[in-house]
$ cat coords13.cif   # mmCIF, C-alpha atoms
data_final
loop_
_atom_site.group_PDB
_atom_site.id
_atom_site.type_symbol
_atom_site.label_atom_id
_atom_site.label_comp_id
_atom_site.auth_asym_id
_atom_site.auth_seq_id
_atom_site.Cartn_x
_atom_site.Cartn_y
_atom_site.Cartn_z
ATOM 1 C CA GLN K 315 -6.123 8.320 -15.532
ATOM 2 C CA VAL K 316 -5.963 8.298 -11.744
ATOM 3 C CA GLN K 317 -3.347 10.298 -9.895
ATOM 4 C CA LEU K 318 -2.197 8.914 -6.558
ATOM 5 C CA VAL K 319 -0.415 10.613 -3.674
ATOM 6 C CA GLU K 320 0.978 8.593 -0.782
ATOM 7 C CA SER K 321 1.704 9.880 2.716
ATOM 8 C CA GLY K 322 2.424 8.574 6.191
ATOM 9 C CA GLY K 323 5.860 7.052 5.787
ATOM 10 C CA GLY K 324 8.675 7.651 8.235
ATOM 11 C CA LEU K 325 11.159 6.169 10.653
ATOM 12 C CA VAL K 326 9.927 3.769 13.326
ATOM 13 C CA GLN K 327 11.488 1.257 15.676
ATOM 14 C CA ALA K 328 10.930 -2.449 15.251
ATOM 15 C CA GLY K 329 7.622 -3.453 16.797
ATOM 16 C CA GLY K 330 6.075 -0.077 16.093
ATOM 17 C CA SER K 331 3.247 0.964 13.799
ATOM 18 C CA LEU K 332 2.661 3.260 10.836
ATOM 19 C CA ARG K 333 -0.410 4.091 8.794
ATOM 20 C CA LEU K 334 0.052 4.883 5.108
ATOM 21 C CA SER K 335 -2.535 6.813 3.135
ATOM 22 C CA CYS K 336 -3.081 7.059 -0.603
ATOM 23 C CA ALA K 337 -5.307 9.811 -1.968
ATOM 24 C CA ALA K 338 -6.720 9.364 -5.471
ATOM 25 C CA SER K 339 -7.498 12.310 -7.747
ATOM 26 C CA GLY K 340 -10.698 10.786 -9.060
ATOM 27 C CA SER K 341 -13.270 8.217 -8.176
ATOM 28 C CA ILE K 342 -11.805 4.775 -7.750
ATOM 29 C CA ALA K 343 -15.150 3.268 -6.842
ATOM 30 C CA ARG K 344 -15.921 1.861 -10.277
ATOM 31 C CA GLY K 345 -13.971 -1.343 -10.344
ATOM 32 C CA TYR K 346 -10.486 -0.217 -9.434
ATOM 33 C CA THR K 347 -8.393 -2.688 -7.492
ATOM 34 C CA MET K 348 -6.120 -0.740 -5.174
ATOM 35 C CA GLY K 349 -2.847 -2.028 -3.883
ATOM 36 C CA TRP K 350 0.288 -1.315 -1.930
ATOM 37 C CA TYR K 351 3.668 -2.454 -3.199
ATOM 38 C CA ARG K 352 7.131 -1.938 -1.782
ATOM 39 C CA GLN K 353 10.685 -1.888 -3.033
ATOM 40 C CA ALA K 354 13.710 -2.415 -0.820
ATOM 41 C CA PRO K 355 17.175 -1.231 -1.927
ATOM 42 C CA GLY K 356 18.605 -3.600 -4.523
ATOM 43 C CA LYS K 357 15.398 -5.627 -4.737
ATOM 44 C CA GLN K 358 12.462 -5.799 -7.104
ATOM 45 C CA ARG K 359 9.143 -4.157 -6.313
ATOM 46 C CA GLU K 360 6.850 -6.632 -4.573
ATOM 47 C CA LEU K 361 3.180 -6.885 -3.713
ATOM 48 C CA VAL K 362 2.221 -6.055 -0.138
ATOM 49 C CA ALA K 363 -1.587 -6.035 -0.245
ATOM 50 C CA THR K 364 -4.515 -5.409 -2.563
ATOM 51 C CA ILE K 365 -8.201 -4.633 -2.107
ATOM 52 C CA THR K 366 -10.870 -4.893 -4.785
ATOM 53 C CA SER K 367 -13.724 -2.448 -5.264
ATOM 54 C CA GLY K 368 -15.889 -5.019 -3.489
ATOM 55 C CA GLY K 369 -13.582 -5.137 -0.492
ATOM 56 C CA ARG K 370 -11.834 -8.449 -1.111
ATOM 57 C CA THR K 371 -8.301 -8.343 0.257
ATOM 58 C CA ASN K 372 -5.089 -10.174 -0.520
ATOM 59 C CA TYR K 373 -1.809 -10.050 1.400
ATOM 60 C CA ALA K 374 1.745 -11.157 0.894
ATOM 61 C CA ASP K 375 2.598 -14.001 3.262
ATOM 62 C CA SER K 376 5.273 -11.869 4.898
ATOM 63 C CA VAL K 377 2.734 -9.289 6.149
ATOM 64 C CA LYS K 378 -0.301 -11.423 6.922
ATOM 65 C CA GLY K 379 -1.573 -10.783 10.421
ATOM 66 C CA ARG K 380 0.459 -7.577 10.754
ATOM 67 C CA PHE K 381 -0.787 -5.290 7.956
ATOM 68 C CA THR K 382 -4.346 -4.283 7.103
ATOM 69 C CA ILE K 383 -5.446 -2.651 3.854
ATOM 70 C CA SER K 384 -8.693 -0.666 3.700
ATOM 71 C CA ARG K 385 -10.494 1.873 1.551
ATOM 72 C CA ASP K 386 -12.839 4.630 2.695
ATOM 73 C CA ASN K 387 -16.578 4.874 2.125
ATOM 74 C CA VAL K 388 -16.451 7.072 -0.921
ATOM 75 C CA LYS K 389 -13.505 5.085 -2.203
ATOM 76 C CA THR K 390 -11.184 7.918 -2.974
ATOM 77 C CA SER K 391 -8.510 6.877 -0.457
ATOM 78 C CA VAL K 392 -6.762 3.673 0.475
ATOM 79 C CA TYR K 393 -4.915 2.948 3.692
ATOM 80 C CA LEU K 394 -2.319 0.501 4.919
ATOM 81 C CA GLN K 395 -2.149 -0.029 8.666
ATOM 82 C CA MET K 396 1.210 -1.576 9.498
ATOM 83 C CA ASP K 397 1.720 -3.083 12.954
ATOM 84 C CA SER K 398 4.535 -5.101 14.502
ATOM 85 C CA LEU K 399 6.932 -3.650 11.975
ATOM 86 C CA LYS K 400 10.200 -5.426 11.268
ATOM 87 C CA PRO K 401 13.467 -4.115 9.783
ATOM 88 C CA GLU K 402 12.770 -6.179 6.667
ATOM 89 C CA ASP K 403 9.655 -4.053 6.062
ATOM 90 C CA THR K 404 11.950 -1.156 5.173
ATOM 91 C CA GLY K 405 11.514 0.211 1.669
ATOM 92 C CA VAL K 406 9.646 2.638 -0.540
ATOM 93 C CA TYR K 407 5.935 1.937 -0.468
ATOM 94 C CA TYR K 408 3.919 2.631 -3.611
ATOM 95 C CA CYS K 409 0.183 2.924 -4.077
ATOM 96 C CA ASN K 410 -1.341 1.383 -7.216
ATOM 97 C CA ALA K 411 -4.725 1.681 -8.896
ATOM 98 C CA LYS K 412 -5.531 -0.974 -11.471
ATOM 99 C CA LEU K 413 -8.483 -1.284 -13.831
ATOM 100 C CA GLY K 414 -8.190 -3.701 -16.707
ATOM 101 C CA VAL K 415 -4.901 -2.980 -18.466
ATOM 102 C CA SER K 416 -4.622 0.464 -16.874
ATOM 103 C CA SER K 417 -2.192 0.680 -13.969
ATOM 104 C CA ASN K 418 -1.436 3.908 -12.126
ATOM 105 C CA TRP K 419 1.337 4.489 -9.574
ATOM 106 C CA GLY K 420 2.033 7.049 -6.914
ATOM 107 C CA GLN K 421 5.452 8.548 -6.269
ATOM 108 C CA GLY K 422 6.106 6.409 -3.198
ATOM 109 C CA THR K 423 6.721 7.043 0.482
ATOM 110 C CA GLN K 424 9.738 5.852 2.443
ATOM 111 C CA VAL K 425 9.295 3.511 5.395
ATOM 112 C CA THR K 426 12.334 2.785 7.539
ATOM 113 C CA VAL K 427 12.208 0.331 10.436
ATOM 114 C CA SER K 428 15.185 0.391 12.780
ATOM 115 C CA SER K 429 16.239 -2.604 14.841
#
$ encode --input "coords13.cif" --output "structure tokens"
Amino acid sequence: QVQLVESGGGLVQAGGSLRLSCAASGSIARGYTMGWYRQAPGKQRELVATITSGGRTNYADSVKGRFTISRDNVKTSVYLQMDSLKPEDTGVYYCNAKLGVSSNWGQGTQVTVSS
């Protein structure tokens, strides 16, 4: 079981930037795929970006070219650099750690982008 704690959310104007962090309680180096998801009010949770243990990344079309996911050298933290933010990026952002059928979620961090 991996425990995840997100941080870095907040209020930002459109066009601004935020950097989200996700700290894992244990080693995520051994095969965990890490991801960021978001949920806007009244909408389903959706994929934002994922990164495999080998560093392969995947992004939702809506954030390609604006967001960058990364993980640190010892692979206990994952980051989401968000640039050129838009009001439609507003939502609660959740960190996820997945290994096989095991899926672990953080508590979420609020991101609000004002127009």
$ resolve_selection --input "coords13.cif" --expression "the PyMOL selection byres ((chain K and resi 366) around 12)" --output "MDAnalysis selection string"
chainID K and resid 342:349 363:365 367:372 383:385 389 392 410:413
$ residues_around --input "coords13.cif" --residues "Gln317 in chain K" --least-positions-apart "4" --cutoff "10 Å" --atoms "all atoms listed in the file" --output "short mmCIF file (atom, residue, chain, number, x, y, z; two decimals) with C-alpha atoms, in the frame of the given file"
data_model
loop_
_atom_site.label_atom_id
_atom_site.label_comp_id
_atom_site.auth_asym_id
_atom_site.auth_seq_id
_atom_site.Cartn_x
_atom_site.Cartn_y
_atom_site.Cartn_z
CA CYS K 336 -3.08 7.06 -0.60
CA ALA K 337 -5.31 9.81 -1.97
CA ALA K 338 -6.72 9.36 -5.47
CA SER K 339 -7.50 12.31 -7.75
CA GLY K 340 -10.70 10.79 -9.06
CA ASN K 410 -1.34 1.38 -7.22
CA ALA K 411 -4.72 1.68 -8.90
CA ASN K 418 -1.44 3.91 -12.13
CA TRP K 419 1.34 4.49 -9.57
CA GLY K 420 2.03 7.05 -6.91
CA GLN K 421 5.45 8.55 -6.27
#
$ resolve_selection --input "coords13.cif" --expression "the PyMOL selection byres ((chain K and resi 354) around 7)" --output "NGL selection string"
:K and (352-353 or 355-357 or 404-406)
$ atom_distance --input "coords13.cif" --atom1 "CA of Val377 in chain K" --atom2 "CA of Leu394 in chain K"
11.1 Å
$ residues_around --input "coords13.cif" --residues "Ser376 in chain K" --least-positions-apart "2" --cutoff "10 Å" --atoms "only C-alpha atoms" --output "PyMOL selection string"
chain K and resi 362+373-374+378-381+402-403
$ atom_distance --input "coords13.cif" --atom1 "CA of Ser416 in chain K" --atom2 "CA of Gln358 in chain K"
20.7 Å
$ closest_residue --input "coords13.cif" --among "K:Ser398, K:Leu334, K:Glu360, K:Thr426" --to "Val319 in chain K" --atoms "all atoms listed in the file"
K:Leu334
$ resolve_selection --input "coords13.cif" --expression "the PyMOL selection byres ((chain K and resi 326) around 8)" --output "PyMOL selection string"
chain K and resi 324-325+327-328+330-332+425-428
$ closest_residue --input "coords13.cif" --among "K:Ser335, K:Arg359, K:Gln424, K:Gly329" --to "Thr382 in chain K" --atoms "only C-alpha atoms"
K:Ser335
$ atom_distance --input "coords13.cif" --atom1 "CA of Pro401 in chain K" --atom2 "CA of Ser429 in chain K"
6.0 Å
$ axis_aligned_box --input "coords13.cif" --around "range 343-354 of chain K" --padding-each-side "3 Å" --output "JSON"
{"center_x": -1.1, "center_y": 0.3, "center_z": -5.6, "size_x": 35.6, "size_y": 12.0, "size_z": 15.5}
$ build_atoms --input "coords13.cif" --residues "range 356-368 of chain K" --atoms "N, CA and C atoms" --output "mmCIF file, in the coordinates of the input"
data_model
loop_
_atom_site.group_PDB
_atom_site.id
_atom_site.type_symbol
_atom_site.label_atom_id
_atom_site.label_comp_id
_atom_site.auth_asym_id
_atom_site.auth_seq_id
_atom_site.Cartn_x
_atom_site.Cartn_y
_atom_site.Cartn_z
ATOM 1 N N GLY K 356 18.016 -2.467 -3.841
ATOM 2 C CA GLY K 356 18.605 -3.600 -4.523
ATOM 3 C C GLY K 356 17.656 -4.736 -4.807
ATOM 4 N N LYS K 357 16.372 -4.555 -4.516
ATOM 5 C CA LYS K 357 15.398 -5.627 -4.737
ATOM 6 C C LYS K 357 14.299 -5.160 -5.681
ATOM 7 N N GLN K 358 13.566 -6.125 -6.213
ATOM 8 C CA GLN K 358 12.462 -5.799 -7.104
ATOM 9 C C GLN K 358 11.245 -5.334 -6.285
ATOM 10 N N ARG K 359 10.392 -4.575 -6.941
ATOM 11 C CA ARG K 359 9.143 -4.157 -6.313
ATOM 12 C C ARG K 359 8.275 -5.391 -6.077
ATOM 13 N N GLU K 360 7.663 -5.470 -4.902
ATOM 14 C CA GLU K 360 6.850 -6.632 -4.573
ATOM 15 C C GLU K 360 5.483 -6.220 -4.034
ATOM 16 N N LEU K 361 4.529 -7.114 -4.220
ATOM 17 C CA LEU K 361 3.180 -6.885 -3.713
ATOM 18 C C LEU K 361 3.165 -6.954 -2.195
ATOM 19 N N VAL K 362 2.456 -6.015 -1.576
ATOM 20 C CA VAL K 362 2.221 -6.055 -0.138
ATOM 21 C C VAL K 362 0.778 -6.475 0.137
ATOM 22 N N ALA K 363 -0.170 -5.738 -0.467
ATOM 23 C CA ALA K 363 -1.587 -6.035 -0.245
ATOM 24 C C ALA K 363 -2.419 -5.382 -1.333
ATOM 25 N N THR K 364 -3.563 -5.996 -1.627
ATOM 26 C CA THR K 364 -4.515 -5.409 -2.563
ATOM 27 C C THR K 364 -5.921 -5.487 -1.980
ATOM 28 N N ILE K 365 -6.794 -4.614 -2.499
ATOM 29 C CA ILE K 365 -8.201 -4.633 -2.107
ATOM 30 C C ILE K 365 -9.035 -4.291 -3.331
ATOM 31 N N THR K 366 -10.023 -5.128 -3.629
ATOM 32 C CA THR K 366 -10.870 -4.893 -4.785
ATOM 33 C C THR K 366 -11.930 -3.844 -4.457
ATOM 34 N N SER K 367 -12.650 -3.421 -5.480
ATOM 35 C CA SER K 367 -13.724 -2.448 -5.264
ATOM 36 C C SER K 367 -14.815 -3.035 -4.374
ATOM 37 N N GLY K 368 -14.904 -4.357 -4.344
ATOM 38 C CA GLY K 368 -15.889 -5.019 -3.489
ATOM 39 C C GLY K 368 -15.382 -5.312 -2.094
#
